[in-house]
>>> print(open('start.cif').read())   # mmCIF, C-alpha atoms and all ligand atoms
data_entry
loop_
_atom_site.group_PDB
_atom_site.id
_atom_site.type_symbol
_atom_site.label_atom_id
_atom_site.label_comp_id
_atom_site.auth_asym_id
_atom_site.auth_seq_id
_atom_site.Cartn_x
_atom_site.Cartn_y
_atom_site.Cartn_z
ATOM 1 C CA MET A 20 6.744 -33.658 -5.605
ATOM 2 C CA ASP A 21 5.672 -32.329 -9.039
ATOM 3 C CA ALA A 22 8.009 -31.066 -11.754
ATOM 4 C CA LEU A 23 7.415 -27.407 -10.892
ATOM 5 C CA THR A 24 8.276 -27.971 -7.229
ATOM 6 C CA ARG A 25 11.464 -29.860 -8.125
ATOM 7 C CA THR A 26 12.734 -27.061 -10.391
ATOM 8 C CA ARG A 27 11.639 -24.218 -8.154
ATOM 9 C CA PRO A 28 14.567 -22.313 -6.610
ATOM 10 C CA ALA A 29 14.416 -22.290 -2.808
ATOM 11 C CA GLY A 30 14.229 -19.317 -0.459
ATOM 12 C CA PRO A 31 11.632 -17.025 1.002
ATOM 13 C CA VAL A 32 9.481 -14.973 -1.360
ATOM 14 C CA VAL A 33 8.649 -11.280 -1.506
ATOM 15 C CA LEU A 34 6.133 -9.551 -3.764
ATOM 16 C CA VAL A 35 7.254 -5.975 -4.455
ATOM 17 C CA THR A 36 4.892 -3.501 -6.109
ATOM 18 C CA GLY A 37 6.241 -0.449 -7.916
ATOM 19 C CA ALA A 38 9.256 -2.623 -8.718
ATOM 20 C CA ALA A 39 10.082 -0.722 -11.912
ATOM 21 C CA GLY A 40 10.379 2.462 -9.845
ATOM 22 C CA GLY A 41 13.223 3.889 -7.780
ATOM 23 C CA ILE A 42 12.401 2.546 -4.312
ATOM 24 C CA GLY A 43 10.616 -0.635 -5.447
ATOM 25 C CA GLY A 44 13.545 -1.481 -7.748
ATOM 26 C CA ALA A 45 16.060 -1.003 -4.927
ATOM 27 C CA VAL A 46 13.902 -3.143 -2.618
ATOM 28 C CA ALA A 47 13.712 -5.924 -5.224
ATOM 29 C CA ARG A 48 17.506 -5.872 -5.625
ATOM 30 C CA ARG A 49 18.048 -5.906 -1.844
ATOM 31 C CA PHE A 50 15.881 -8.982 -1.377
ATOM 32 C CA LEU A 51 17.558 -10.762 -4.315
ATOM 33 C CA ASP A 52 20.953 -9.965 -2.747
ATOM 34 C CA GLY A 53 19.623 -11.393 0.513
ATOM 35 C CA GLY A 54 18.796 -14.718 -1.156
ATOM 36 C CA TRP A 55 15.020 -14.250 -1.475
ATOM 37 C CA ARG A 56 12.916 -14.907 -4.543
ATOM 38 C CA VAL A 57 11.242 -11.755 -5.842
ATOM 39 C CA ALA A 58 7.978 -11.207 -7.677
ATOM 40 C CA ALA A 59 8.498 -7.758 -9.196
ATOM 41 C CA CYS A 60 5.139 -6.140 -9.910
ATOM 42 C CA ASP A 61 4.475 -2.962 -11.861
ATOM 43 C CA LEU A 62 2.234 -1.679 -14.640
ATOM 44 C CA ALA A 63 2.131 -4.159 -17.512
ATOM 45 C CA ASP A 64 3.671 -1.706 -19.938
ATOM 46 C CA THR A 65 6.587 -0.825 -17.634
ATOM 47 C CA PRO A 66 9.620 -3.109 -17.961
ATOM 48 C CA ALA A 67 10.761 -4.581 -14.651
ATOM 49 C CA ALA A 68 14.385 -3.772 -15.445
ATOM 50 C CA ILE A 69 15.968 -5.212 -12.340
ATOM 51 C CA ALA A 70 17.935 -8.316 -13.231
ATOM 52 C CA SER A 71 17.735 -11.387 -15.346
ATOM 53 C CA ASP A 72 17.558 -13.946 -12.599
ATOM 54 C CA GLN A 73 15.645 -17.182 -12.267
ATOM 55 C CA ARG A 74 14.735 -16.018 -8.756
ATOM 56 C CA LEU A 75 12.790 -13.104 -10.277
ATOM 57 C CA LEU A 76 9.273 -13.111 -11.691
ATOM 58 C CA ALA A 77 7.943 -10.018 -13.505
ATOM 59 C CA VAL A 78 4.241 -9.495 -12.768
ATOM 60 C CA GLY A 79 2.232 -6.917 -14.702
ATOM 61 C CA ALA A 80 -0.736 -5.382 -12.891
ATOM 62 C CA ASP A 81 -2.613 -2.117 -12.721
ATOM 63 C CA LEU A 82 -3.217 -2.006 -8.985
ATOM 64 C CA ARG A 83 -6.171 0.358 -9.336
ATOM 65 C CA ASP A 84 -8.151 -2.771 -10.246
ATOM 66 C CA PRO A 85 -8.730 -5.113 -7.258
ATOM 67 C CA ALA A 86 -9.023 -8.113 -9.610
ATOM 68 C CA GLN A 87 -5.484 -7.400 -10.870
ATOM 69 C CA CYS A 88 -4.270 -7.098 -7.257
ATOM 70 C CA THR A 89 -5.576 -10.597 -6.561
ATOM 71 C CA ALA A 90 -4.132 -11.900 -9.839
ATOM 72 C CA ALA A 91 -0.673 -10.525 -8.904
ATOM 73 C CA VAL A 92 -0.729 -12.399 -5.589
ATOM 74 C CA ASP A 93 -2.045 -15.562 -7.283
ATOM 75 C CA ALA A 94 0.700 -15.408 -9.943
ATOM 76 C CA THR A 95 3.352 -15.048 -7.236
ATOM 77 C CA VAL A 96 2.104 -18.001 -5.233
ATOM 78 C CA ALA A 97 1.639 -20.135 -8.376
ATOM 79 C CA TRP A 98 5.290 -19.409 -9.251
ATOM 80 C CA ALA A 99 6.904 -19.663 -5.845
ATOM 81 C CA GLY A 100 4.549 -21.809 -3.792
ATOM 82 C CA ARG A 101 4.538 -19.380 -0.880
ATOM 83 C CA LEU A 102 4.608 -15.702 0.109
ATOM 84 C CA ASP A 103 6.687 -14.370 3.013
ATOM 85 C CA ALA A 104 6.517 -10.612 2.522
ATOM 86 C CA LEU A 105 4.636 -7.970 0.572
ATOM 87 C CA VAL A 106 6.275 -4.599 -0.021
ATOM 88 C CA ASN A 107 3.835 -1.959 -1.265
ATOM 89 C CA ALA A 108 6.040 0.536 -3.106
ATOM 90 C CA ALA A 109 3.747 1.480 -6.012
ATOM 91 C CA GLY A 110 2.615 5.064 -5.684
ATOM 92 C CA VAL A 111 1.896 8.301 -7.498
ATOM 93 C CA TRP A 112 2.467 11.913 -6.558
ATOM 94 C CA THR A 113 0.306 14.929 -7.187
ATOM 95 C CA GLN A 114 0.493 18.537 -6.069
ATOM 96 C CA GLY A 115 -1.310 21.771 -6.772
ATOM 97 C CA ALA A 116 -3.815 24.216 -5.373
ATOM 98 C CA SER A 117 -6.788 22.363 -3.925
ATOM 99 C CA GLU A 118 -9.342 24.565 -5.676
ATOM 100 C CA HIS A 119 -7.929 23.345 -9.008
ATOM 101 C CA THR A 120 -7.680 19.621 -8.188
ATOM 102 C CA THR A 121 -9.878 17.517 -10.452
ATOM 103 C CA GLU A 122 -11.870 14.493 -9.373
ATOM 104 C CA ALA A 123 -9.807 12.393 -11.810
ATOM 105 C CA GLU A 124 -6.531 13.448 -10.128
ATOM 106 C CA PHE A 125 -7.953 12.759 -6.681
ATOM 107 C CA ASP A 126 -9.259 9.333 -7.725
ATOM 108 C CA HIS A 127 -6.005 8.381 -9.440
ATOM 109 C CA VAL A 128 -3.930 9.095 -6.326
ATOM 110 C CA PHE A 129 -6.307 7.321 -3.972
ATOM 111 C CA ASP A 130 -6.858 4.389 -6.354
ATOM 112 C CA VAL A 131 -3.117 3.641 -6.541
ATOM 113 C CA ASN A 132 -1.816 4.770 -3.137
ATOM 114 C CA VAL A 133 -4.687 3.517 -0.952
ATOM 115 C CA LYS A 134 -7.132 1.249 -2.772
ATOM 116 C CA GLY A 135 -4.497 -0.763 -4.655
ATOM 117 C CA LEU A 136 -2.315 -1.108 -1.574
ATOM 118 C CA TYR A 137 -5.322 -2.232 0.437
ATOM 119 C CA PHE A 138 -6.604 -4.851 -2.001
ATOM 120 C CA ILE A 139 -3.229 -6.405 -2.785
ATOM 121 C CA SER A 140 -2.610 -6.622 0.969
ATOM 122 C CA ALA A 141 -6.021 -8.229 1.454
ATOM 123 C CA ALA A 142 -5.275 -10.808 -1.237
ATOM 124 C CA ALA A 143 -1.915 -11.588 0.390
ATOM 125 C CA ILE A 144 -3.275 -12.127 3.915
ATOM 126 C CA PRO A 145 -4.059 -15.858 3.728
ATOM 127 C CA HIS A 146 -0.581 -16.615 2.340
ATOM 128 C CA LEU A 147 1.196 -14.352 4.852
ATOM 129 C CA ALA A 148 -0.776 -15.938 7.678
ATOM 130 C CA GLN A 149 0.518 -19.325 6.517
ATOM 131 C CA SER A 150 4.152 -18.154 6.458
ATOM 132 C CA ARG A 151 3.794 -15.813 9.465
ATOM 133 C CA GLY A 152 5.091 -13.151 7.129
ATOM 134 C CA CYS A 153 4.873 -9.371 6.942
ATOM 135 C CA ILE A 154 3.746 -6.332 4.966
ATOM 136 C CA VAL A 155 5.868 -3.209 4.555
ATOM 137 C CA ASN A 156 4.071 -0.154 3.180
ATOM 138 C CA LEU A 157 5.668 2.911 1.659
ATOM 139 C CA SER A 158 4.074 5.851 3.386
ATOM 140 C CA SER A 159 5.921 9.199 3.520
ATOM 141 C CA ASP A 160 6.806 12.113 5.750
ATOM 142 C CA ALA A 161 3.650 13.426 4.038
ATOM 143 C CA GLY A 162 1.727 10.669 5.841
ATOM 144 C CA ILE A 163 2.606 12.066 9.246
ATOM 145 C CA GLN A 164 2.787 15.817 8.611
ATOM 146 C CA GLY A 165 1.191 18.207 6.165
ATOM 147 C CA ASN A 166 3.001 19.351 3.037
ATOM 148 C CA ALA A 167 1.676 22.654 1.667
ATOM 149 C CA GLY A 168 0.303 22.250 -1.852
ATOM 150 C CA ALA A 169 0.020 18.452 -1.611
ATOM 151 C CA ALA A 170 -3.232 17.883 0.282
ATOM 152 C CA VAL A 171 -4.373 14.917 -1.802
ATOM 153 C CA TYR A 172 -1.019 13.113 -1.640
ATOM 154 C CA CYS A 173 -0.813 13.809 2.121
ATOM 155 C CA ALA A 174 -4.330 12.464 2.641
ATOM 156 C CA SER A 175 -3.442 9.298 0.725
ATOM 157 C CA LYS A 176 -0.269 8.735 2.734
ATOM 158 C CA GLY A 177 -2.036 9.535 5.997
ATOM 159 C CA ALA A 178 -4.460 6.779 5.017
ATOM 160 C CA VAL A 179 -1.528 4.404 4.416
ATOM 161 C CA SER A 180 -0.022 5.190 7.822
ATOM 162 C CA ILE A 181 -3.210 4.605 9.799
ATOM 163 C CA LEU A 182 -4.220 1.623 7.658
ATOM 164 C CA THR A 183 -0.829 0.136 8.602
ATOM 165 C CA LYS A 184 -1.663 0.412 12.297
ATOM 166 C CA ALA A 185 -5.178 -0.996 11.957
ATOM 167 C CA LEU A 186 -4.005 -3.927 9.828
ATOM 168 C CA ALA A 187 -1.164 -4.646 12.272
ATOM 169 C CA LEU A 188 -3.703 -5.024 15.079
ATOM 170 C CA GLU A 189 -6.040 -7.114 12.940
ATOM 171 C CA LEU A 190 -3.315 -9.521 11.790
ATOM 172 C CA ALA A 191 -1.227 -9.798 14.965
ATOM 173 C CA PRO A 192 -3.164 -12.850 16.220
ATOM 174 C CA ARG A 193 -2.261 -14.626 12.960
ATOM 175 C CA GLY A 194 1.452 -13.824 13.296
ATOM 176 C CA VAL A 195 1.567 -11.279 10.455
ATOM 177 C CA ARG A 196 3.418 -7.992 11.051
ATOM 178 C CA VAL A 197 2.505 -4.772 9.219
ATOM 179 C CA ASN A 198 4.746 -1.705 9.196
ATOM 180 C CA ALA A 199 5.268 1.437 7.154
ATOM 181 C CA VAL A 200 8.379 3.364 6.276
ATOM 182 C CA CYS A 201 8.014 7.118 5.913
ATOM 183 C CA PRO A 202 10.773 8.570 3.742
ATOM 184 C CA GLY A 203 11.459 12.235 3.168
ATOM 185 C CA ASP A 204 12.591 13.201 -0.332
ATOM 186 C CA VAL A 205 14.193 10.233 -2.081
ATOM 187 C CA ASP A 206 16.415 10.550 -5.149
ATOM 188 C CA SER A 207 14.097 8.608 -7.465
ATOM 189 C CA PRO A 208 12.167 9.064 -10.723
ATOM 190 C CA MET A 209 9.181 10.271 -8.665
ATOM 191 C CA LEU A 210 11.172 13.150 -7.177
ATOM 192 C CA HIS A 211 12.670 14.198 -10.508
ATOM 193 C CA GLY A 212 9.244 13.877 -12.156
ATOM 194 C CA GLN A 213 7.863 16.234 -9.514
ATOM 195 C CA ALA A 214 10.619 18.764 -10.232
ATOM 196 C CA GLU A 215 10.062 18.534 -14.003
ATOM 197 C CA ALA A 216 6.268 18.831 -13.682
ATOM 198 C CA HIS A 217 6.130 21.552 -11.052
ATOM 199 C CA GLY A 218 9.477 23.348 -11.198
ATOM 200 C CA GLY A 219 8.586 25.418 -14.258
ATOM 201 C CA ASP A 220 11.715 26.093 -16.316
ATOM 202 C CA ARG A 221 13.939 25.648 -13.230
ATOM 203 C CA PRO A 222 13.514 22.110 -11.862
ATOM 204 C CA GLU A 223 16.847 22.402 -10.048
ATOM 205 C CA ALA A 224 15.458 25.364 -8.050
ATOM 206 C CA TYR A 225 12.450 23.213 -7.066
ATOM 207 C CA LEU A 226 14.827 20.524 -5.752
ATOM 208 C CA ALA A 227 16.957 23.116 -3.940
ATOM 209 C CA ARG A 228 13.842 24.485 -2.200
ATOM 210 C CA LEU A 229 13.032 20.998 -0.927
ATOM 211 C CA LEU A 230 16.544 20.531 0.452
ATOM 212 C CA ALA A 231 16.407 23.941 2.138
ATOM 213 C CA SER A 232 13.721 22.635 4.511
ATOM 214 C CA TYR A 233 16.008 19.960 6.009
ATOM 215 C CA PRO A 234 17.609 20.493 9.421
ATOM 216 C CA GLN A 235 21.077 19.673 7.988
ATOM 217 C CA GLY A 236 21.120 23.071 6.265
ATOM 218 C CA THR A 237 23.818 23.288 3.604
ATOM 219 C CA ASN A 238 24.797 19.631 4.252
ATOM 220 C CA ALA A 239 21.322 18.366 3.310
ATOM 221 C CA ARG A 240 21.046 15.739 0.578
ATOM 222 C CA PHE A 241 18.283 13.532 -0.779
ATOM 223 C CA ILE A 242 17.803 10.049 0.650
ATOM 224 C CA ARG A 243 19.109 7.216 -1.532
ATOM 225 C CA THR A 244 16.802 4.429 -2.677
ATOM 226 C CA ASP A 245 19.202 1.788 -1.272
ATOM 227 C CA GLU A 246 18.944 3.448 2.162
ATOM 228 C CA VAL A 247 15.155 3.059 2.097
ATOM 229 C CA ALA A 248 15.507 -0.517 0.780
ATOM 230 C CA GLU A 249 17.785 -1.429 3.685
ATOM 231 C CA LEU A 250 15.137 -0.353 6.209
ATOM 232 C CA VAL A 251 12.450 -2.285 4.344
ATOM 233 C CA TRP A 252 14.741 -5.335 4.274
ATOM 234 C CA PHE A 253 15.364 -5.082 8.026
ATOM 235 C CA LEU A 254 11.616 -4.975 8.729
ATOM 236 C CA ALA A 255 11.209 -8.328 6.958
ATOM 237 C CA GLN A 256 13.917 -10.045 9.047
ATOM 238 C CA PRO A 257 13.405 -12.171 12.187
ATOM 239 C CA LEU A 258 15.220 -9.528 14.266
ATOM 240 C CA ALA A 259 12.313 -7.178 13.566
ATOM 241 C CA ALA A 260 9.844 -9.585 15.197
ATOM 242 C CA PRO A 261 8.750 -7.100 17.901
ATOM 243 C CA ILE A 262 8.106 -4.330 15.369
ATOM 244 C CA THR A 263 4.542 -4.082 14.090
ATOM 245 C CA GLY A 264 2.128 -1.200 13.616
ATOM 246 C CA ALA A 265 5.099 1.168 13.314
ATOM 247 C CA ASN A 266 5.572 4.136 11.002
ATOM 248 C CA LEU A 267 9.356 4.453 10.784
ATOM 249 C CA SER A 268 10.678 7.786 9.561
ATOM 250 C CA ILE A 269 13.716 7.852 7.303
ATOM 251 C CA ASP A 270 13.867 11.572 6.568
ATOM 252 C CA PHE A 271 16.974 13.209 8.078
ATOM 253 C CA GLY A 272 14.692 14.597 10.824
ATOM 254 C CA LEU A 273 12.394 16.466 8.407
ATOM 255 C CA SER A 274 9.274 15.404 10.325
ATOM 256 C CA ALA A 275 10.827 15.660 13.815
ATOM 257 C CA GLY A 276 9.640 19.214 14.470
ATOM 258 C CA ILE A 277 10.479 22.838 13.891
ATOM 259 C CA VAL A 278 14.125 23.826 13.458
HETATM 260 N N1 LIG B 301 10.509 9.521 -4.028
HETATM 261 C C1 LIG B 301 10.172 10.099 -2.886
HETATM 262 O O1 LIG B 301 10.683 11.193 -2.580
HETATM 263 C C2 LIG B 301 9.225 9.427 -1.941
HETATM 264 C C3 LIG B 301 9.158 9.928 -0.636
HETATM 265 C C4 LIG B 301 8.273 9.331 0.263
HETATM 266 C C5 LIG B 301 7.489 8.276 -0.146
HETATM 267 N N2 LIG B 301 7.573 7.812 -1.422
HETATM 268 C C6 LIG B 301 6.709 6.695 -1.790
HETATM 269 O O2 LIG B 301 7.519 5.555 -2.080
HETATM 270 C C7 LIG B 301 6.887 4.763 -3.079
HETATM 271 C C8 LIG B 301 7.862 4.548 -4.223
HETATM 272 O O3 LIG B 301 8.200 5.811 -4.779
HETATM 273 P P1 LIG B 301 9.356 5.992 -5.869
HETATM 274 O O4 LIG B 301 10.099 7.201 -5.498
HETATM 275 O O5 LIG B 301 10.069 4.712 -6.082
HETATM 276 O O6 LIG B 301 8.454 6.338 -7.134
HETATM 277 P P2 LIG B 301 8.612 5.888 -8.651
HETATM 278 O O7 LIG B 301 7.751 6.805 -9.429
HETATM 279 O O8 LIG B 301 10.044 5.762 -9.011
HETATM 280 O O9 LIG B 301 7.973 4.414 -8.636
HETATM 281 C C9 LIG B 301 6.603 4.195 -8.422
HETATM 282 C C10 LIG B 301 6.181 2.998 -9.247
HETATM 283 O O10 LIG B 301 4.780 2.759 -9.040
HETATM 284 C C11 LIG B 301 4.266 2.298 -10.263
HETATM 285 N N3 LIG B 301 2.826 2.494 -10.372
HETATM 286 C C12 LIG B 301 2.163 3.676 -10.484
HETATM 287 N N4 LIG B 301 0.856 3.459 -10.677
HETATM 288 C C13 LIG B 301 0.672 2.122 -10.681
HETATM 289 C C14 LIG B 301 -0.459 1.283 -10.852
HETATM 290 N N5 LIG B 301 -1.674 1.802 -11.091
HETATM 291 N N6 LIG B 301 -0.282 -0.052 -10.788
HETATM 292 C C15 LIG B 301 0.947 -0.574 -10.598
HETATM 293 N N7 LIG B 301 2.060 0.163 -10.417
HETATM 294 C C16 LIG B 301 1.924 1.503 -10.477
HETATM 295 C C17 LIG B 301 4.987 3.131 -11.326
HETATM 296 O O11 LIG B 301 4.922 2.514 -12.626
HETATM 297 C C18 LIG B 301 6.396 3.205 -10.768
HETATM 298 O O12 LIG B 301 7.252 2.218 -11.296
HETATM 299 C C19 LIG B 301 5.613 5.519 -3.486
HETATM 300 O O13 LIG B 301 4.517 5.002 -2.761
HETATM 301 C C20 LIG B 301 5.890 6.940 -3.036
HETATM 302 O O14 LIG B 301 4.700 7.639 -2.781
HETATM 303 C C21 LIG B 301 8.436 8.360 -2.326
#
>>> encode(input="start.cif", output="structure tokens")
Amino acid sequence: MDALTRTRPAGPVVLVTGAAGGIGGAVARRFLDGGWRVAACDLADTPAAIASDQRLLAVGADLRDPAQCTAAVDATVAWAGRLDALVNAAGVWTQGASEHTTEAEFDHVFDVNVKGLYFISAAAIPHLAQSRGCIVNLSSDAGIQGNAGAAVYCASKGAVSILTKALALELAPRGVRVNAVCPGDVDSPMLHGQAEAHGGDRPEAYLARLLASYPQGTNARFIRTDEVAELVWFLAQPLAAPITGANLSIDFGLSAGIV
């Protein structure tokens, strides 16, 4: 046993991307609370302001670069000696009329939401196969139904949802489960950024319009990040063993059909 192994805290290990964000941060906290070690990955210049905990490793990576995806997995395994789960919560939003969408906007959304998620998952596969671990992807209601004015984001999340199914089939023989959660509107920096960027001088009206589309009517509220984190946590537990290839909605029924 070397010195690093002797001083290493015990417990299963999760690598969470987008860990400086709303959902990724809540997921990191949930796994820490559950006794796991957490590699919290986000852009290098974004502080992983989660907790000061010896069970936490901050990993800087721009996931648009496949080499940095691999480096993030390598850093996690070098630190913890194993990898039991990967939660892909990094993501970016865009909206706007399709005839005005630039190639740069399109590439940015696909490079983070699809390419980065794919290559960090690919790098994690050998380690997850060893631990018989799992991947949980953040898709969206926009991955299973169209959202007007958000064609590029919807296409990226549709890719995440179907990639989840294909990877689940590919990795099932090696004991690795792959699932996606599909939240509706979550009270997070992404949502408020959307409202600020696209709500003109009335971001609160933008948010109210979103809530108006929920079947709860005047009782509608945004989903909390800890509610999404709890579902992600469940999917990484032994009780979820039969669940793979699933896209689980957590959206107050938003994607269930027409009211
Ligand atoms: N907030 C919502 O309403 C909502 C709804 C459905 C799905 N989602 C999805 O859930 C995930 C998390 O969303 P959130 O609400 O926490 O958003 P958020 O903006 O709070 O967090 C996203 C994080 O991703 C990181 N990130 C962006 N580009 C990156 C890159 N190139 N490399 C590494 N990290 C990068 C950001 O720095 C940020 O910390 C996203 O995939 C999002 O699309 C969000």
>>> axis_aligned_box(input="start.cif", around="ligand LIG 301 (chain B)", padding_each_side="5 Å", output="AutoDock Vina command-line options")
--center_x 4.5 --center_y 5.3 --center_z -6.2 --size_x 22.4 --size_y 21.8 --size_z 22.9
>>> atom_distance(input="start.cif", atom1="CA of Gly79 (chain A)", atom2="CA of Ala59 (chain A)")
8.4 Å
>>> closest_residue(input="start.cif", among="A:Leu157, A:Val251, A:Ala259, A:Ala265", to="ligand LIG 301 (chain B)", atoms="only C-alpha atoms and all ligand atoms")
A:Leu157
>>> closest_atom_pairs(input="start.cif", of="chain A", to="ligand LIG 301 (chain B)", cutoff="6 Å", atoms="only C-alpha atoms and all ligand atoms", output="CSV")
residue,atom,partner,partner_atom,distance
A:Gly37,CA,B:LIG301,C10,3.7
A:Ala38,CA,B:LIG301,O12,5.8
A:Ala39,CA,B:LIG301,O12,4.1
A:Gly40,CA,B:LIG301,O9,3.3
A:Gly41,CA,B:LIG301,O5,3.7
A:Ile42,CA,B:LIG301,O5,3.6
A:Gly43,CA,B:LIG301,O5,5.4
A:Asp61,CA,B:LIG301,N7,4.2
A:Leu62,CA,B:LIG301,C15,4.4
A:Ala80,CA,B:LIG301,C15,5.6
A:Asp81,CA,B:LIG301,N6,3.7
A:Leu82,CA,B:LIG301,N6,4.0
A:Arg83,CA,B:LIG301,N5,5.0
A:Ala108,CA,B:LIG301,C7,4.3
A:Ala109,CA,B:LIG301,O10,3.4
A:Gly110,CA,B:LIG301,O13,3.5
A:Val111,CA,B:LIG301,C12,5.5
A:Val131,CA,B:LIG301,N5,5.1
A:Leu157,CA,B:LIG301,O2,4.9
A:Ser158,CA,B:LIG301,C5,5.5
A:Ser159,CA,B:LIG301,C4,4.0
A:Pro202,CA,B:LIG301,C4,4.4
A:Gly203,CA,B:LIG301,C3,5.0
A:Asp204,CA,B:LIG301,O1,3.6
A:Val205,CA,B:LIG301,O1,3.7
A:Ser207,CA,B:LIG301,O4,4.7
A:Pro208,CA,B:LIG301,O8,4.3
A:Met209,CA,B:LIG301,O7,3.8
A:Leu210,CA,B:LIG301,N1,4.9
>>> write_last_selection(input="start.cif", atoms="C-alpha atoms", output="PDB file, in the coordinates of the input")
ATOM      1  CA  GLY A  37       6.241  -0.449  -7.916  1.00  0.00           C
ATOM      2  CA  ALA A  38       9.256  -2.623  -8.718  1.00  0.00           C
ATOM      3  CA  ALA A  39      10.082  -0.722 -11.912  1.00  0.00           C
ATOM      4  CA  GLY A  40      10.379   2.462  -9.845  1.00  0.00           C
ATOM      5  CA  GLY A  41      13.223   3.889  -7.780  1.00  0.00           C
ATOM      6  CA  ILE A  42      12.401   2.546  -4.312  1.00  0.00           C
ATOM      7  CA  GLY A  43      10.616  -0.635  -5.447  1.00  0.00           C
ATOM      8  CA  ASP A  61       4.475  -2.962 -11.861  1.00  0.00           C
ATOM      9  CA  LEU A  62       2.234  -1.679 -14.640  1.00  0.00           C
ATOM     10  CA  ALA A  80      -0.736  -5.382 -12.891  1.00  0.00           C
ATOM     11  CA  ASP A  81      -2.613  -2.117 -12.721  1.00  0.00           C
ATOM     12  CA  LEU A  82      -3.217  -2.006  -8.985  1.00  0.00           C
ATOM     13  CA  ARG A  83      -6.171   0.358  -9.336  1.00  0.00           C
ATOM     14  CA  ALA A 108       6.040   0.536  -3.106  1.00  0.00           C
ATOM     15  CA  ALA A 109       3.747   1.480  -6.012  1.00  0.00           C
ATOM     16  CA  GLY A 110       2.615   5.064  -5.684  1.00  0.00           C
ATOM     17  CA  VAL A 111       1.896   8.301  -7.498  1.00  0.00           C
ATOM     18  CA  VAL A 131      -3.117   3.641  -6.541  1.00  0.00           C
ATOM     19  CA  LEU A 157       5.668   2.911   1.659  1.00  0.00           C
ATOM     20  CA  SER A 158       4.074   5.851   3.386  1.00  0.00           C
ATOM     21  CA  SER A 159       5.921   9.199   3.520  1.00  0.00           C
ATOM     22  CA  PRO A 202      10.773   8.570   3.742  1.00  0.00           C
ATOM     23  CA  GLY A 203      11.459  12.235   3.168  1.00  0.00           C
ATOM     24  CA  ASP A 204      12.591  13.201  -0.332  1.00  0.00           C
ATOM     25  CA  VAL A 205      14.193  10.233  -2.081  1.00  0.00           C
ATOM     26  CA  SER A 207      14.097   8.608  -7.465  1.00  0.00           C
ATOM     27  CA  PRO A 208      12.167   9.064 -10.723  1.00  0.00           C
ATOM     28  CA  MET A 209       9.181  10.271  -8.665  1.00  0.00           C
ATOM     29  CA  LEU A 210      11.172  13.150  -7.177  1.00  0.00           C
TER      30      LEU A 210
END
>>> atom_distance(input="start.cif", atom1="CA of Asp126 (chain A)", atom2="CA of Pro85 (chain A)")
14.5 Å
>>> atom_distance(input="start.cif", atom1="CA of Gln73 (chain A)", atom2="CA of Val57 (chain A)")
9.5 Å
>>> build_atoms(input="start.cif", residues="region 172-184 of chain A", atoms="N, CA and C atoms", output="PDB file, keeping the file's coordinate frame")
ATOM      1  N   TYR A 172      -2.080  14.096  -1.893  1.00  0.00           N
ATOM      2  CA  TYR A 172      -1.019  13.113  -1.640  1.00  0.00           C
ATOM      3  C   TYR A 172      -0.893  12.879  -0.137  1.00  0.00           C
ATOM      4  N   CYS A 173      -0.916  13.954   0.655  1.00  0.00           N
ATOM      5  CA  CYS A 173      -0.813  13.809   2.121  1.00  0.00           C
ATOM      6  C   CYS A 173      -1.968  12.963   2.658  1.00  0.00           C
ATOM      7  N   ALA A 174      -3.172  13.234   2.164  1.00  0.00           N
ATOM      8  CA  ALA A 174      -4.330  12.464   2.641  1.00  0.00           C
ATOM      9  C   ALA A 174      -4.162  10.989   2.309  1.00  0.00           C
ATOM     10  N   SER A 175      -3.613  10.710   1.116  1.00  0.00           N
ATOM     11  CA  SER A 175      -3.442   9.298   0.725  1.00  0.00           C
ATOM     12  C   SER A 175      -2.393   8.626   1.602  1.00  0.00           C
ATOM     13  N   LYS A 176      -1.332   9.336   1.914  1.00  0.00           N
ATOM     14  CA  LYS A 176      -0.269   8.735   2.734  1.00  0.00           C
ATOM     15  C   LYS A 176      -0.676   8.672   4.212  1.00  0.00           C
ATOM     16  N   GLY A 177      -1.472   9.637   4.642  1.00  0.00           N
ATOM     17  CA  GLY A 177      -2.036   9.535   5.997  1.00  0.00           C
ATOM     18  C   GLY A 177      -2.887   8.291   6.109  1.00  0.00           C
ATOM     19  N   ALA A 178      -3.639   8.002   5.047  1.00  0.00           N
ATOM     20  CA  ALA A 178      -4.460   6.779   5.017  1.00  0.00           C
ATOM     21  C   ALA A 178      -3.567   5.548   5.107  1.00  0.00           C
ATOM     22  N   VAL A 179      -2.443   5.565   4.381  1.00  0.00           N
ATOM     23  CA  VAL A 179      -1.528   4.404   4.416  1.00  0.00           C
ATOM     24  C   VAL A 179      -0.976   4.217   5.835  1.00  0.00           C
ATOM     25  N   SER A 180      -0.623   5.301   6.482  1.00  0.00           N
ATOM     26  CA  SER A 180      -0.022   5.190   7.822  1.00  0.00           C
ATOM     27  C   SER A 180      -1.015   4.643   8.842  1.00  0.00           C
ATOM     28  N   ILE A 181      -2.243   5.081   8.798  1.00  0.00           N
ATOM     29  CA  ILE A 181      -3.210   4.605   9.799  1.00  0.00           C
ATOM     30  C   ILE A 181      -3.737   3.224   9.427  1.00  0.00           C
ATOM     31  N   LEU A 182      -3.840   2.969   8.119  1.00  0.00           N
ATOM     32  CA  LEU A 182      -4.220   1.623   7.658  1.00  0.00           C
ATOM     33  C   LEU A 182      -3.179   0.608   8.150  1.00  0.00           C
ATOM     34  N   THR A 183      -1.924   1.004   8.128  1.00  0.00           N
ATOM     35  CA  THR A 183      -0.829   0.136   8.602  1.00  0.00           C
ATOM     36  C   THR A 183      -1.065  -0.269  10.052  1.00  0.00           C
ATOM     37  N   LYS A 184      -1.444   0.708  10.871  1.00  0.00           N
ATOM     38  CA  LYS A 184      -1.663   0.412  12.297  1.00  0.00           C
ATOM     39  C   LYS A 184      -2.868  -0.502  12.486  1.00  0.00           C
TER      40      LYS A 184
END
